[in-house]
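Text of the file work.tsv, holding TSV, C-alpha atoms:
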chain	number	residue	atom	x	y	z
E	184	MET	CA	198.20	243.04	91.49
E	185	ALA	CA	196.25	245.27	93.83
E	186	ARG	CA	198.13	246.73	96.80
E	187	LYS	CA	197.58	244.64	99.95
E	188	ARG	CA	195.65	246.79	102.40
E	189	SER	CA	196.17	246.93	106.13
E	190	LEU	CA	193.99	246.83	109.24
E	191	ASP	CA	193.94	250.64	109.38
E	192	ASP	CA	191.12	250.81	106.86
E	193	GLY	CA	188.75	249.63	109.65
E	194	PRO	CA	184.98	250.00	109.11
E	195	VAL	CA	185.37	251.00	105.46
E	196	LEU	CA	187.23	247.77	104.82
E	197	ARG	CA	184.62	245.76	106.72
E	198	ALA	CA	181.87	247.24	104.52
E	199	GLU	CA	183.91	246.46	101.42
E	200	ILE	CA	184.42	242.84	102.51
E	201	LEU	CA	180.66	242.45	103.01
E	202	SER	CA	179.84	244.04	99.68
E	203	THR	CA	182.37	241.94	97.73
E	204	ALA	CA	181.30	238.77	99.56
E	205	SER	CA	177.60	239.36	98.87
E	206	ARG	CA	178.32	239.79	95.16
E	207	MET	CA	180.47	236.63	95.02
E	208	PHE	CA	178.02	234.51	97.08
E	209	TYR	CA	175.14	235.78	94.91
E	210	GLU	CA	176.87	234.97	91.64
E	211	HIS	CA	178.76	231.78	92.44
E	212	GLY	CA	177.10	230.42	95.57
E	213	TYR	CA	178.29	230.30	99.17
E	214	ALA	CA	180.22	227.01	99.08
E	215	ALA	CA	182.00	227.93	95.83
E	216	THR	CA	183.54	231.07	97.37
E	217	SER	CA	186.48	230.62	99.73
E	218	ILE	CA	187.90	233.08	102.30
E	219	ARG	CA	191.02	233.17	100.12
E	220	ASP	CA	188.93	234.14	97.01
E	221	LEU	CA	187.30	236.89	99.05
E	222	ALA	CA	190.57	238.23	100.45
E	223	GLU	CA	192.05	238.29	96.96
E	224	ALA	CA	189.03	240.11	95.47
E	225	VAL	CA	189.15	242.76	98.21
E	226	GLY	CA	192.95	243.04	97.97
E	227	ILE	CA	193.81	242.02	101.53
E	228	SER	CA	195.61	239.07	103.11
E	229	SER	CA	193.67	236.18	104.64
E	230	SER	CA	194.98	237.22	108.07
E	231	THR	CA	193.54	240.74	107.69
E	232	MET	CA	190.27	239.05	106.71
E	233	TYR	CA	190.34	236.92	109.87
E	234	HIS	CA	190.83	240.08	111.93
E	235	HIS	CA	187.36	241.21	110.79
E	236	PHE	CA	185.49	237.90	110.64
E	237	THR	CA	186.02	234.58	112.44
E	238	ASN	CA	184.99	232.53	109.43
E	239	LYS	CA	182.97	232.55	106.21
E	240	GLN	CA	179.74	231.78	108.05
E	241	ASP	CA	180.19	235.01	110.06
E	242	ILE	CA	180.46	236.99	106.82
E	243	LEU	CA	177.27	235.43	105.43
E	244	HIS	CA	175.47	236.10	108.70
E	245	ALA	CA	176.64	239.75	108.76
E	246	ILE	CA	175.44	240.33	105.17
E	247	ILE	CA	171.99	238.84	105.75
E	248	LEU	CA	171.48	240.44	109.17
E	249	THR	CA	172.65	243.92	108.10
E	250	PHE	CA	170.39	243.83	105.06
E	251	MET	CA	167.34	242.66	106.95
E	252	GLN	CA	167.81	245.14	109.78
E	253	ASP	CA	168.10	248.03	107.32
E	254	PHE	CA	165.11	246.72	105.37
E	255	ASN	CA	162.91	246.43	108.47
E	256	ASP	CA	164.11	249.78	109.86
E	257	ALA	CA	163.07	251.46	106.61
E	258	ILE	CA	159.67	249.79	106.15
E	259	VAL	CA	158.20	248.62	109.47
E	260	PRO	CA	157.79	252.20	110.88
E	261	VAL	CA	155.93	253.17	107.69
E	262	LEU	CA	153.54	250.22	108.16
E	263	ARG	CA	153.04	251.11	111.83
E	264	ASP	CA	152.42	254.84	111.28
E	265	LEU	CA	148.76	255.05	112.28
E	266	THR	CA	148.44	258.65	111.04
E	267	HIS	CA	147.98	257.19	107.53
E	268	PRO	CA	145.23	254.76	106.39
E	269	PRO	CA	146.22	251.10	105.79
E	270	GLN	CA	145.97	251.43	102.00
E	271	VAL	CA	148.49	254.29	101.94
E	272	ARG	CA	150.83	252.52	104.38
E	273	LEU	CA	150.78	249.35	102.29
E	274	ALA	CA	151.34	251.24	99.02
E	275	ASP	CA	154.38	252.99	100.57
E	276	ALA	CA	155.71	249.68	101.86
E	277	ILE	CA	155.35	248.12	98.38
E	278	ARG	CA	157.39	250.99	96.91
E	279	LEU	CA	160.13	250.74	99.55
E	280	HIS	CA	160.26	246.94	99.33
E	281	LEU	CA	160.80	247.04	95.57
E	282	GLU	CA	163.28	249.96	95.71
E	283	ILE	CA	165.49	248.50	98.44
E	284	SER	CA	165.41	244.98	96.92
E	285	ASP	CA	166.48	246.43	93.57
E	286	GLU	CA	169.25	248.63	94.96
E	287	ARG	CA	170.75	245.97	97.21
E	288	ARG	CA	169.99	242.88	95.15
E	289	PRO	CA	173.20	240.87	95.83
E	290	GLU	CA	172.63	241.13	99.60
E	291	LEU	CA	169.35	239.22	99.29
E	292	LEU	CA	170.92	235.84	99.92
E	293	THR	CA	167.80	233.77	100.36
E	294	GLY	CA	167.00	230.13	99.67
E	295	ASN	CA	168.05	226.86	101.21
E	296	PRO	CA	171.81	226.64	100.66
E	297	PHE	CA	172.28	230.09	102.25
E	298	ARG	CA	169.84	229.45	105.09
E	299	ASN	CA	171.34	226.04	105.85
E	300	ALA	CA	174.85	227.52	105.93
E	301	LEU	CA	173.97	229.61	109.00
E	302	GLY	CA	174.23	228.29	112.57
E	303	PRO	CA	171.05	227.73	114.65
E	304	GLU	CA	171.32	231.01	116.61
E	305	GLN	CA	172.09	232.94	113.39
E	306	GLN	CA	169.04	231.37	111.72
E	307	ARG	CA	166.92	232.30	114.73
E	308	GLN	CA	167.91	235.99	114.36
E	309	VAL	CA	167.13	236.02	110.64
E	310	ILE	CA	163.76	234.32	111.14
E	311	ALA	CA	162.84	236.81	113.90
E	312	LEU	CA	163.47	239.74	111.52
E	313	GLN	CA	161.51	238.08	108.69
E	314	ARG	CA	158.66	237.41	111.12
E	315	ALA	CA	158.59	241.04	112.32
E	316	TYR	CA	158.25	242.26	108.73
E	317	HIS	CA	155.64	239.65	107.89
E	318	GLN	CA	153.66	240.65	111.00
E	319	ALA	CA	153.76	244.36	110.12
E	320	ILE	CA	152.37	243.63	106.63
E	321	ARG	CA	149.77	241.25	108.05
E	322	GLN	CA	148.59	243.76	110.67
E	323	THR	CA	148.22	246.44	108.00
E	324	ILE	CA	146.04	244.07	105.94
E	325	VAL	CA	143.97	243.20	109.04
E	326	ALA	CA	143.56	246.93	109.85
E	327	GLY	CA	142.36	247.55	106.28
E	328	CYS	CA	139.84	244.70	106.60
E	329	ALA	CA	138.54	246.17	109.89
E	330	GLU	CA	138.09	249.53	108.12
E	331	GLY	CA	136.44	247.93	105.08
E	332	THR	CA	139.04	249.12	102.53
E	333	PHE	CA	140.57	245.60	102.28
E	334	ALA	CA	138.95	242.16	102.30
E	335	THR	CA	140.48	238.70	102.43
E	336	ASP	CA	139.40	235.25	103.68
E	337	ASP	CA	142.83	234.58	105.11
E	338	PRO	CA	145.13	237.51	106.04
E	339	THR	CA	148.12	235.21	106.60
E	340	MET	CA	147.92	233.68	103.15
E	341	ALA	CA	147.26	237.08	101.58
E	342	THR	CA	150.43	238.32	103.33
E	343	MET	CA	152.47	235.43	101.90
E	344	ALA	CA	151.04	236.07	98.42
E	345	VAL	CA	151.90	239.78	98.61
E	346	LEU	CA	155.44	239.12	99.88
E	347	ASP	CA	156.10	236.41	97.28
E	348	MET	CA	154.87	238.70	94.48
E	349	LEU	CA	157.19	241.47	95.70
E	350	ASN	CA	160.19	239.18	96.28
E	351	GLY	CA	159.78	237.70	92.82
E	352	VAL	CA	160.35	241.04	91.08
E	353	ARG	CA	164.11	241.07	91.70
E	354	GLU	CA	164.46	237.84	89.70
E	355	TRP	CA	163.09	239.29	86.46
E	356	PHE	CA	163.31	243.09	86.73
E	357	HIS	CA	166.44	244.56	85.18
E	358	LYS	CA	167.24	248.21	84.65
E	359	GLY	CA	167.25	249.06	80.99
E	360	GLY	CA	164.38	246.69	80.17
E	361	THR	CA	161.09	247.83	78.67
E	362	LEU	CA	159.70	248.95	82.05
E	363	THR	CA	161.05	251.53	84.47
E	364	ARG	CA	161.18	250.73	88.16
E	365	SER	CA	158.48	253.36	88.85
E	366	GLU	CA	156.15	251.67	86.36
E	367	VAL	CA	156.69	248.29	88.01
E	368	ILE	CA	156.00	249.85	91.43
E	369	ALA	CA	152.76	251.48	90.20
E	370	HIS	CA	151.56	248.18	88.67
E	371	TYR	CA	152.32	246.20	91.81
E	372	GLN	CA	150.57	248.76	94.00
E	373	ALA	CA	147.51	248.48	91.72
E	374	MET	CA	147.59	244.64	91.58
E	375	ILE	CA	147.94	244.27	95.35
E	376	THR	CA	145.18	246.81	95.99
E	377	LYS	CA	142.96	244.76	93.70
E	378	LEU	CA	143.95	241.47	95.33
E	379	LEU	CA	142.90	242.93	98.69
E	380	SER	CA	139.84	244.86	97.50
E	381	PRO	CA	136.39	244.11	98.97
E	382	SER	CA	134.58	242.20	96.20
H	100	MET	CA	178.60	199.96	104.27
H	101	ALA	CA	176.07	199.65	101.46
H	102	ARG	CA	176.87	197.11	98.73
H	103	LYS	CA	178.51	198.77	95.70
H	104	ARG	CA	176.09	198.53	92.84
H	105	SER	CA	176.97	197.78	89.25
H	106	LEU	CA	176.12	199.20	85.85
H	107	ASP	CA	173.37	196.59	85.44
H	108	ASP	CA	170.92	198.71	87.43
H	109	GLY	CA	170.67	201.00	84.37
H	110	PRO	CA	167.77	203.46	84.20
H	111	VAL	CA	166.67	202.75	87.78
H	112	LEU	CA	170.12	203.72	88.98
H	113	ARG	CA	170.13	206.84	86.81
H	114	ALA	CA	166.82	207.95	88.37
H	115	GLU	CA	168.20	207.23	91.84
H	116	ILE	CA	171.33	209.32	91.13
H	117	LEU	CA	169.16	212.25	90.04
H	118	SER	CA	166.86	211.96	93.02
H	119	THR	CA	169.74	211.77	95.54
H	120	ALA	CA	171.60	214.59	93.80
H	121	SER	CA	168.56	216.88	93.78
H	122	ARG	CA	168.07	216.36	97.51
H	123	MET	CA	171.77	217.03	98.29
H	124	PHE	CA	171.98	220.09	95.99
H	125	TYR	CA	168.74	221.42	97.49
H	126	GLU	CA	169.90	220.99	101.08
H	127	HIS	CA	173.61	221.80	100.89
H	128	GLY	CA	174.01	223.70	97.62
H	129	TYR	CA	175.58	222.66	94.33
H	130	ALA	CA	179.19	223.56	95.01
H	131	ALA	CA	179.15	221.91	98.44
H	132	THR	CA	178.22	218.50	96.96
H	133	SER	CA	180.95	216.54	95.18
H	134	ILE	CA	180.62	213.63	92.74
H	135	ARG	CA	182.27	211.50	95.43
H	136	ASP	CA	179.62	212.53	98.02
H	137	LEU	CA	176.91	211.65	95.52
H	138	ALA	CA	178.42	208.27	94.62
H	139	GLU	CA	178.73	207.42	98.30
H	140	ALA	CA	175.14	208.43	99.08
H	141	VAL	CA	173.82	206.30	96.21
H	142	GLY	CA	176.14	203.39	97.09
H	143	ILE	CA	178.08	203.24	93.81
H	144	SER	CA	181.69	203.87	92.82
H	145	SER	CA	182.74	207.16	91.21
H	146	SER	CA	183.48	205.26	87.99
H	147	THR	CA	179.92	203.87	87.83
H	148	MET	CA	178.74	207.45	88.36
H	149	TYR	CA	180.89	208.65	85.43
H	150	HIS	CA	179.33	205.96	83.26
H	151	HIS	CA	175.97	207.73	83.67
H	152	PHE	CA	177.04	211.37	83.74
H	153	THR	CA	180.10	213.16	82.32
H	154	ASN	CA	180.33	215.54	85.26
H	155	LYS	CA	178.39	217.21	88.06
H	156	GLN	CA	177.08	219.92	85.74
H	157	ASP	CA	175.41	217.22	83.60
H	158	ILE	CA	173.62	215.89	86.67
H	159	LEU	CA	172.32	219.35	87.58
H	160	HIS	CA	171.21	219.93	84.00
H	161	ALA	CA	169.40	216.55	83.87
H	162	ILE	CA	167.54	217.28	87.14
H	163	ILE	CA	166.37	220.74	86.06
H	164	LEU	CA	165.48	219.73	82.50
H	165	THR	CA	163.59	216.56	83.48
H	166	PHE	CA	161.59	218.46	86.07
H	167	MET	CA	160.71	221.31	83.74
H	168	GLN	CA	159.75	219.03	80.86
H	169	ASP	CA	157.44	217.00	83.12
H	170	PHE	CA	156.01	220.20	84.59
H	171	ASN	CA	155.29	221.73	81.18
H	172	ASP	CA	153.96	218.43	79.77
H	173	ALA	CA	151.46	218.27	82.64
H	174	ILE	CA	150.28	221.88	82.61
H	175	VAL	CA	150.70	223.49	79.18
H	176	PRO	CA	148.12	221.20	77.45
H	177	VAL	CA	145.60	222.10	80.18
H	178	LEU	CA	146.19	225.82	79.51
H	179	ARG	CA	145.86	225.26	75.75
H	180	ASP	CA	142.68	223.15	75.91
H	181	LEU	CA	140.23	225.55	74.26
H	182	THR	CA	137.23	223.37	75.15
H	183	HIS	CA	137.35	224.99	78.62
H	184	PRO	CA	137.02	228.72	79.41
H	185	PRO	CA	140.20	230.62	80.45
H	186	GLN	CA	139.12	230.86	84.11
H	187	VAL	CA	138.76	227.07	84.40
H	188	ARG	CA	142.05	226.46	82.57
H	189	LEU	CA	143.90	228.85	84.85
H	190	ALA	CA	142.34	227.37	88.01
H	191	ASP	CA	143.41	223.88	86.89
H	192	ALA	CA	146.91	225.12	86.12
H	193	ILE	CA	147.17	226.72	89.58
H	194	ARG	CA	146.24	223.41	91.18
H	195	LEU	CA	148.73	221.41	89.10
H	196	HIS	CA	151.51	223.98	89.62
H	197	LEU	CA	151.11	223.80	93.41
H	198	GLU	CA	150.73	220.00	93.50
H	199	ILE	CA	153.76	219.23	91.33
H	200	SER	CA	155.95	221.84	93.06
H	201	ASP	CA	155.04	220.34	96.43
H	202	GLU	CA	155.58	216.73	95.41
H	203	ARG	CA	158.90	217.32	93.67
H	204	ARG	CA	160.24	220.16	95.78
H	205	PRO	CA	163.96	219.21	95.84
H	206	GLU	CA	164.06	219.15	92.04
H	207	LEU	CA	163.17	222.85	91.91
H	208	LEU	CA	166.75	224.02	91.85
H	209	THR	CA	166.21	227.66	91.02
H	210	GLY	CA	168.15	230.82	91.82
H	211	ASN	CA	171.48	232.20	90.75
H	212	PRO	CA	174.07	229.70	91.98
H	213	PHE	CA	172.21	226.86	90.23
H	214	ARG	CA	171.53	228.82	87.07
H	215	ASN	CA	175.12	230.06	86.84
H	216	ALA	CA	176.45	226.52	87.28
H	217	LEU	CA	174.91	225.49	83.93
H	218	GLY	CA	176.67	225.94	80.59
H	219	PRO	CA	175.30	228.44	78.02
H	220	GLU	CA	173.48	225.82	75.90
H	221	GLN	CA	172.04	224.18	79.03
H	222	GLN	CA	170.81	227.58	80.25
H	223	ARG	CA	169.23	228.23	76.86
H	224	GLN	CA	167.20	224.99	77.10
H	225	VAL	CA	165.99	225.79	80.61
H	226	ILE	CA	165.02	229.34	79.65
H	227	ALA	CA	163.10	228.06	76.59
H	228	LEU	CA	161.00	225.77	78.80
H	229	GLN	CA	160.36	228.53	81.34
H	230	ARG	CA	159.34	230.85	78.52
H	231	ALA	CA	156.93	228.28	77.05
H	232	TYR	CA	155.17	227.93	80.41
H	233	HIS	CA	155.13	231.69	80.97
H	234	GLN	CA	153.63	232.18	77.49
H	235	ALA	CA	150.89	229.59	78.08
H	236	ILE	CA	149.85	231.35	81.31
H	237	ARG	CA	150.04	234.77	79.63
H	238	GLN	CA	147.91	233.67	76.65
H	239	THR	CA	145.27	232.27	79.00
H	240	ILE	CA	145.13	235.63	80.81
H	241	VAL	CA	144.90	237.47	77.47
H	242	ALA	CA	142.11	235.11	76.31
H	243	GLY	CA	140.19	235.81	79.55
H	244	CYS	CA	140.60	239.56	79.01
H	245	ALA	CA	139.24	239.21	75.44
H	246	GLU	CA	136.23	237.33	76.84
H	247	GLY	CA	135.71	239.85	79.65
H	248	THR	CA	136.19	237.36	82.52
H	249	PHE	CA	139.66	238.74	83.30
H	250	ALA	CA	141.04	242.29	83.26
H	251	THR	CA	144.57	243.60	83.67
H	252	ASP	CA	146.53	246.65	82.52
H	253	ASP	CA	149.59	244.56	81.78
H	254	PRO	CA	149.21	240.82	81.04
H	255	THR	CA	152.99	240.25	81.20
H	256	MET	CA	153.32	241.72	84.68
H	257	ALA	CA	150.16	239.94	85.84
H	258	THR	CA	151.74	236.68	84.60
H	259	MET	CA	154.93	237.35	86.59
H	260	ALA	CA	152.88	238.19	89.70
H	261	VAL	CA	150.84	234.97	89.38
H	262	LEU	CA	153.94	232.82	88.83
H	263	ASP	CA	155.85	234.44	91.71
H	264	MET	CA	152.87	233.92	94.05
H	265	LEU	CA	152.68	230.26	93.06
H	266	ASN	CA	156.44	229.65	93.20
H	267	GLY	CA	156.61	231.26	96.63
H	268	VAL	CA	154.30	228.65	98.17
H	269	ARG	CA	156.91	225.89	98.26
H	270	GLU	CA	159.10	228.03	100.53
H	271	TRP	CA	156.57	228.26	103.33
H	272	PHE	CA	154.05	225.44	102.83
H	273	HIS	CA	154.82	222.29	104.78
H	274	LYS	CA	152.65	219.25	105.17
H	275	GLY	CA	151.39	218.90	108.72
H	276	GLY	CA	151.02	222.68	109.18
H	277	THR	CA	147.70	224.36	109.96
H	278	LEU	CA	146.57	224.29	106.32
H	279	THR	CA	146.08	221.35	103.98
H	280	ARG	CA	147.39	221.55	100.43
H	281	SER	CA	143.82	221.59	99.09
H	282	GLU	CA	143.01	224.62	101.27
H	283	VAL	CA	146.09	226.46	99.99
H	284	ILE	CA	145.12	225.61	96.39
H	285	ALA	CA	141.55	226.88	96.89
H	286	HIS	CA	142.82	230.14	98.44
H	287	TYR	CA	145.32	230.73	95.63
H	288	GLN	CA	142.69	230.04	92.98
H	289	ALA	CA	140.43	232.61	94.70
H	290	MET	CA	143.19	235.23	95.13
H	291	ILE	CA	144.37	234.95	91.52
H	292	THR	CA	140.80	235.08	90.21
H	293	LYS	CA	140.35	238.29	92.21
H	294	LEU	CA	143.67	239.73	91.05
H	295	LEU	CA	142.51	239.22	87.44
H	296	SER	CA	138.86	240.15	87.91
H	297	PRO	CA	137.34	243.02	85.90
H	298	SER	CA	136.95	245.81	88.47
Could you render the structure from this file as structure tokens?
Amino acid sequence: MARKRSLDDGPVLRAEILSTASRMFYEHGYAATSIRDLAEAVGISSSTMYHHFTNKQDILHAIILTFMQDFNDAIVPVLRDLTHPPQVRLADAIRLHLEISDERRPELLTGNPFRNALGPEQQRQVIALQRAYHQAIRQTIVAGCAEGTFATDDPTMATMAVLDMLNGVREWFHKGGTLTRSEVIAHYQAMITKLLSPS
Amino acid sequence: MARKRSLDDGPVLRAEILSTASRMFYEHGYAATSIRDLAEAVGISSSTMYHHFTNKQDILHAIILTFMQDFNDAIVPVLRDLTHPPQVRLADAIRLHLEISDERRPELLTGNPFRNALGPEQQRQVIALQRAYHQAIRQTIVAGCAEGTFATDDPTMATMAVLDMLNGVREWFHKGGTLTRSEVIAHYQAMITKLLSPS
């Protein structure tokens, strides 16, 4: 059995708890994973676990919030950088979206059972971050339409279509398949440019 | 308390078990819902439940398989009907995909925790049905490219993009919002036509 680790490990241990929990929630589901399972997988006692997190819901919330904050911090400034034209900003955002989603796949705990497991205030925080990202994409599309490089009848629906296309990739893209990640990124940049092109 | 119902209800009861189970799995997750919870919600004893299904995994499998068979039976023949041009077939498939996904939303139990809860043979059946649908969409895109009404560098990736766009709709579309379902369908038909248009 793994050595039981103590409180001294601090932030490193906290990060390891989150990483192990995201993997277990992703693979087995949230309800199927107990605090005891998590403590065992990390090699700590349940009481050390409770020193870091009040309950399992807090762990889920920390995983989702940390991921989404990092994701927005990486991409939203790129979308808002007015020194580049909308088409370039969107192409960069597409690349970052696909790269980060691929590298941190188990932290993307989306869908109903995960969402419903959060408390109302936790859900509010997650929705606010999703909305900020959605808005940054939407405003880039609107800016491209104003410039004449993009065209769409409905920027909100075009935003949803673009985000759903990008979020879908993590479900079918696997390293070692017939396509490299760079090839997928180039194709998605081309498809989305076409979807938004003036006809 | 609801009257306990007997075996006599037969197929009606079986359908009611599946419908209640899909709603509870969809809202709370698979692991969080026990056979006992299900029996109680339907108003039957656990032993009546076990008369219909061997275990909870069988219920999940029946929900997913029934949905996917109905879905494919409704859409694949439309995609394969060579009396209509590829563009018309694809537009009809888009409409049916969005209508059926909206009407039977809780039966769409997708994502890792659900998939991983199935046994290997059950997973194989589900994947075969998904692949058949994917292939029918892909062949319609390829037929449109041959005709010159569609164009894409990579029909497989275009198929994934189209399916991910369509599957994403159920996560954000809600009746009573600013858009009607028919408006969403018309927009998605237009966006996908543009995505596949010869440039």
Find the residues around range 249-265 of chain H up to 7 Å (all atoms listed in the file counted), leave out those fewer than 5 positions away in its own chain, and share them as JSON, numbers by chain.
-> {"E": [344, 347, 348, 351], "H": [197, 236, 237, 240, 241, 243, 244, 291, 295, 296, 297]}
Would you kindly identify which residues have an atom no farther than 12 Å from (168.5, 244.5, 94.0), using all atoms listed in the file and the file's own coordinates, and write them out as a PyMOL selection string?
-> chain E and resi 205-206+209+250+279-292+349-358+364
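Minimum distance to chain E across H:Thr132, H:Gln224, H:Ser146, H:Gln234 (counting all atoms listed in the file) occurs at H:Thr132.
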Distance CA of Arg223 in chain H-CA of Ser202 in chain E, one decimal place?
->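 Separation between CA of Arg223 in chain H and CA of Ser202 in chain E: 29.7 Å.
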Mind checking which residues fall within 9 Å of Ala319 in chain E, counting all atoms listed in the file, ignoring those fewer than 6 positions away in the same chain, and posting them as a list in words?
->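 What passes the distance filter is Ile258, Val259, Pro260, Leu262 and Arg263 of chain E.
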Tell me, in Å to one decimal, how far CA of Ile310 in chain E is from CA of Arg272 in chain E.
-> 23.3 Å
To one decimal in Å, tell me the separation between CA of Leu181 in chain H and CA of Leu164 in chain H.
->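 Here the two named atoms are 27.2 Å from each other.
Restricting the calculation to all atoms listed in the file, the smallest distance between His267 in chain E and any of E:Ala326, E:Ile368, E:Ile247, E:Leu312 is found for E:Ala326.
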Centre, x/y/z edge lengths, axis-aligned box for range 280-293 of chain H with 8 Å per side, as JSON:
{"center_x": 143.9, "center_y": 229.9, "center_z": 95.7, "size_x": 23.0, "size_y": 32.7, "size_z": 27.1}
Closest of H:Met167, H:Met123, H:Ile116, H:Leu189 to chain E - atom-to-atom distances counting only C-alpha atoms =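 Once distances to chain E are computed over only C-alpha atoms, the minimum belongs to H:Met123.
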Shell around range 234-236 of chain E at 10 Å using only C-alpha atoms, local window under 2 positions removed, as a list in words = Leu190, Gly193, Pro194, Leu196, Arg197, Ile200, Ile218, Ser229, Ser230, Thr231, Met232, Asn238, Lys239, Gln240, Asp241, Ile242 and Ala245 of chain E
Taking into account all atoms listed in the file, which residue in the set E:Glu223, E:Glu330, E:Glu366, E:Glu199 is nearest to chain H?
->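 Answer, going by the shortest atom-to-atom distance: E:Glu366.
With only C-alpha atoms as the basis for measurement, E:Ala300 is the residue among E:Ala315, E:Val195, E:Ala300, E:Ile227 that approaches chain H most closely.
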For chain H, the nearest of the candidates E:Ala222, E:Ala369, E:Ala274, E:Ala257, counting all atoms listed in the file |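 The answer is E:Ala369, which sits nearest to chain H.
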Export: range 210-248 of chain H, C-alpha atoms, as a PDB file, in the first residue's frame:
ATOM      1  CA  GLY H 210     -20.983  10.944 -22.191  1.00  0.00           C
ATOM      2  CA  ASN H 211     -18.448   8.897 -20.315  1.00  0.00           C
ATOM      3  CA  PRO H 212     -20.173   7.859 -17.084  1.00  0.00           C
ATOM      4  CA  PHE H 213     -23.110   6.428 -19.066  1.00  0.00           C
ATOM      5  CA  ARG H 214     -20.945   4.797 -21.715  1.00  0.00           C
ATOM      6  CA  ASN H 215     -18.612   3.269 -19.122  1.00  0.00           C
ATOM      7  CA  ALA H 216     -21.564   1.864 -17.184  1.00  0.00           C
ATOM      8  CA  LEU H 217     -22.435  -0.452 -20.102  1.00  0.00           C
ATOM      9  CA  GLY H 218     -20.873  -3.883 -20.594  1.00  0.00           C
ATOM     10  CA  PRO H 219     -18.526  -4.525 -23.567  1.00  0.00           C
ATOM     11  CA  GLU H 220     -21.186  -6.204 -25.759  1.00  0.00           C
ATOM     12  CA  GLN H 221     -23.707  -3.475 -24.926  1.00  0.00           C
ATOM     13  CA  GLN H 222     -21.139  -0.807 -25.849  1.00  0.00           C
ATOM     14  CA  ARG H 223     -20.452  -2.602 -29.110  1.00  0.00           C
ATOM     15  CA  GLN H 224     -24.156  -2.451 -30.072  1.00  0.00           C
ATOM     16  CA  VAL H 225     -24.398   1.248 -29.264  1.00  0.00           C
ATOM     17  CA  ILE H 226     -21.232   2.064 -31.205  1.00  0.00           C
ATOM     18  CA  ALA H 227     -22.498   0.087 -34.232  1.00  0.00           C
ATOM     19  CA  LEU H 228     -25.688   2.184 -34.328  1.00  0.00           C
ATOM     20  CA  GLN H 229     -23.754   5.435 -33.931  1.00  0.00           C
ATOM     21  CA  ARG H 230     -21.431   4.369 -36.724  1.00  0.00           C
ATOM     22  CA  ALA H 231     -24.339   3.519 -39.054  1.00  0.00           C
ATOM     23  CA  TYR H 232     -25.799   7.006 -38.568  1.00  0.00           C
ATOM     24  CA  HIS H 233     -22.404   8.666 -38.953  1.00  0.00           C
ATOM     25  CA  GLN H 234     -21.825   6.711 -42.181  1.00  0.00           C
ATOM     26  CA  ALA H 235     -25.209   7.700 -43.632  1.00  0.00           C
ATOM     27  CA  ILE H 236     -24.453  11.394 -43.011  1.00  0.00           C
ATOM     28  CA  ARG H 237     -20.922  11.017 -44.381  1.00  0.00           C
ATOM     29  CA  GLN H 238     -22.102   9.269 -47.565  1.00  0.00           C
ATOM     30  CA  THR H 239     -24.650  12.021 -48.182  1.00  0.00           C
ATOM     31  CA  ILE H 240     -21.880  14.628 -47.884  1.00  0.00           C
ATOM     32  CA  VAL H 241     -19.653  12.594 -50.230  1.00  0.00           C
ATOM     33  CA  ALA H 242     -22.536  12.258 -52.739  1.00  0.00           C
ATOM     34  CA  GLY H 243     -23.057  16.046 -52.635  1.00  0.00           C
ATOM     35  CA  CYS H 244     -19.334  16.592 -53.256  1.00  0.00           C
ATOM     36  CA  ALA H 245     -19.473  14.230 -56.278  1.00  0.00           C
ATOM     37  CA  GLU H 246     -22.421  16.232 -57.632  1.00  0.00           C
ATOM     38  CA  GLY H 247     -20.728  19.573 -56.942  1.00  0.00           C
ATOM     39  CA  THR H 248     -23.394  20.901 -54.538  1.00  0.00           C
TER      40      THR H 248
END
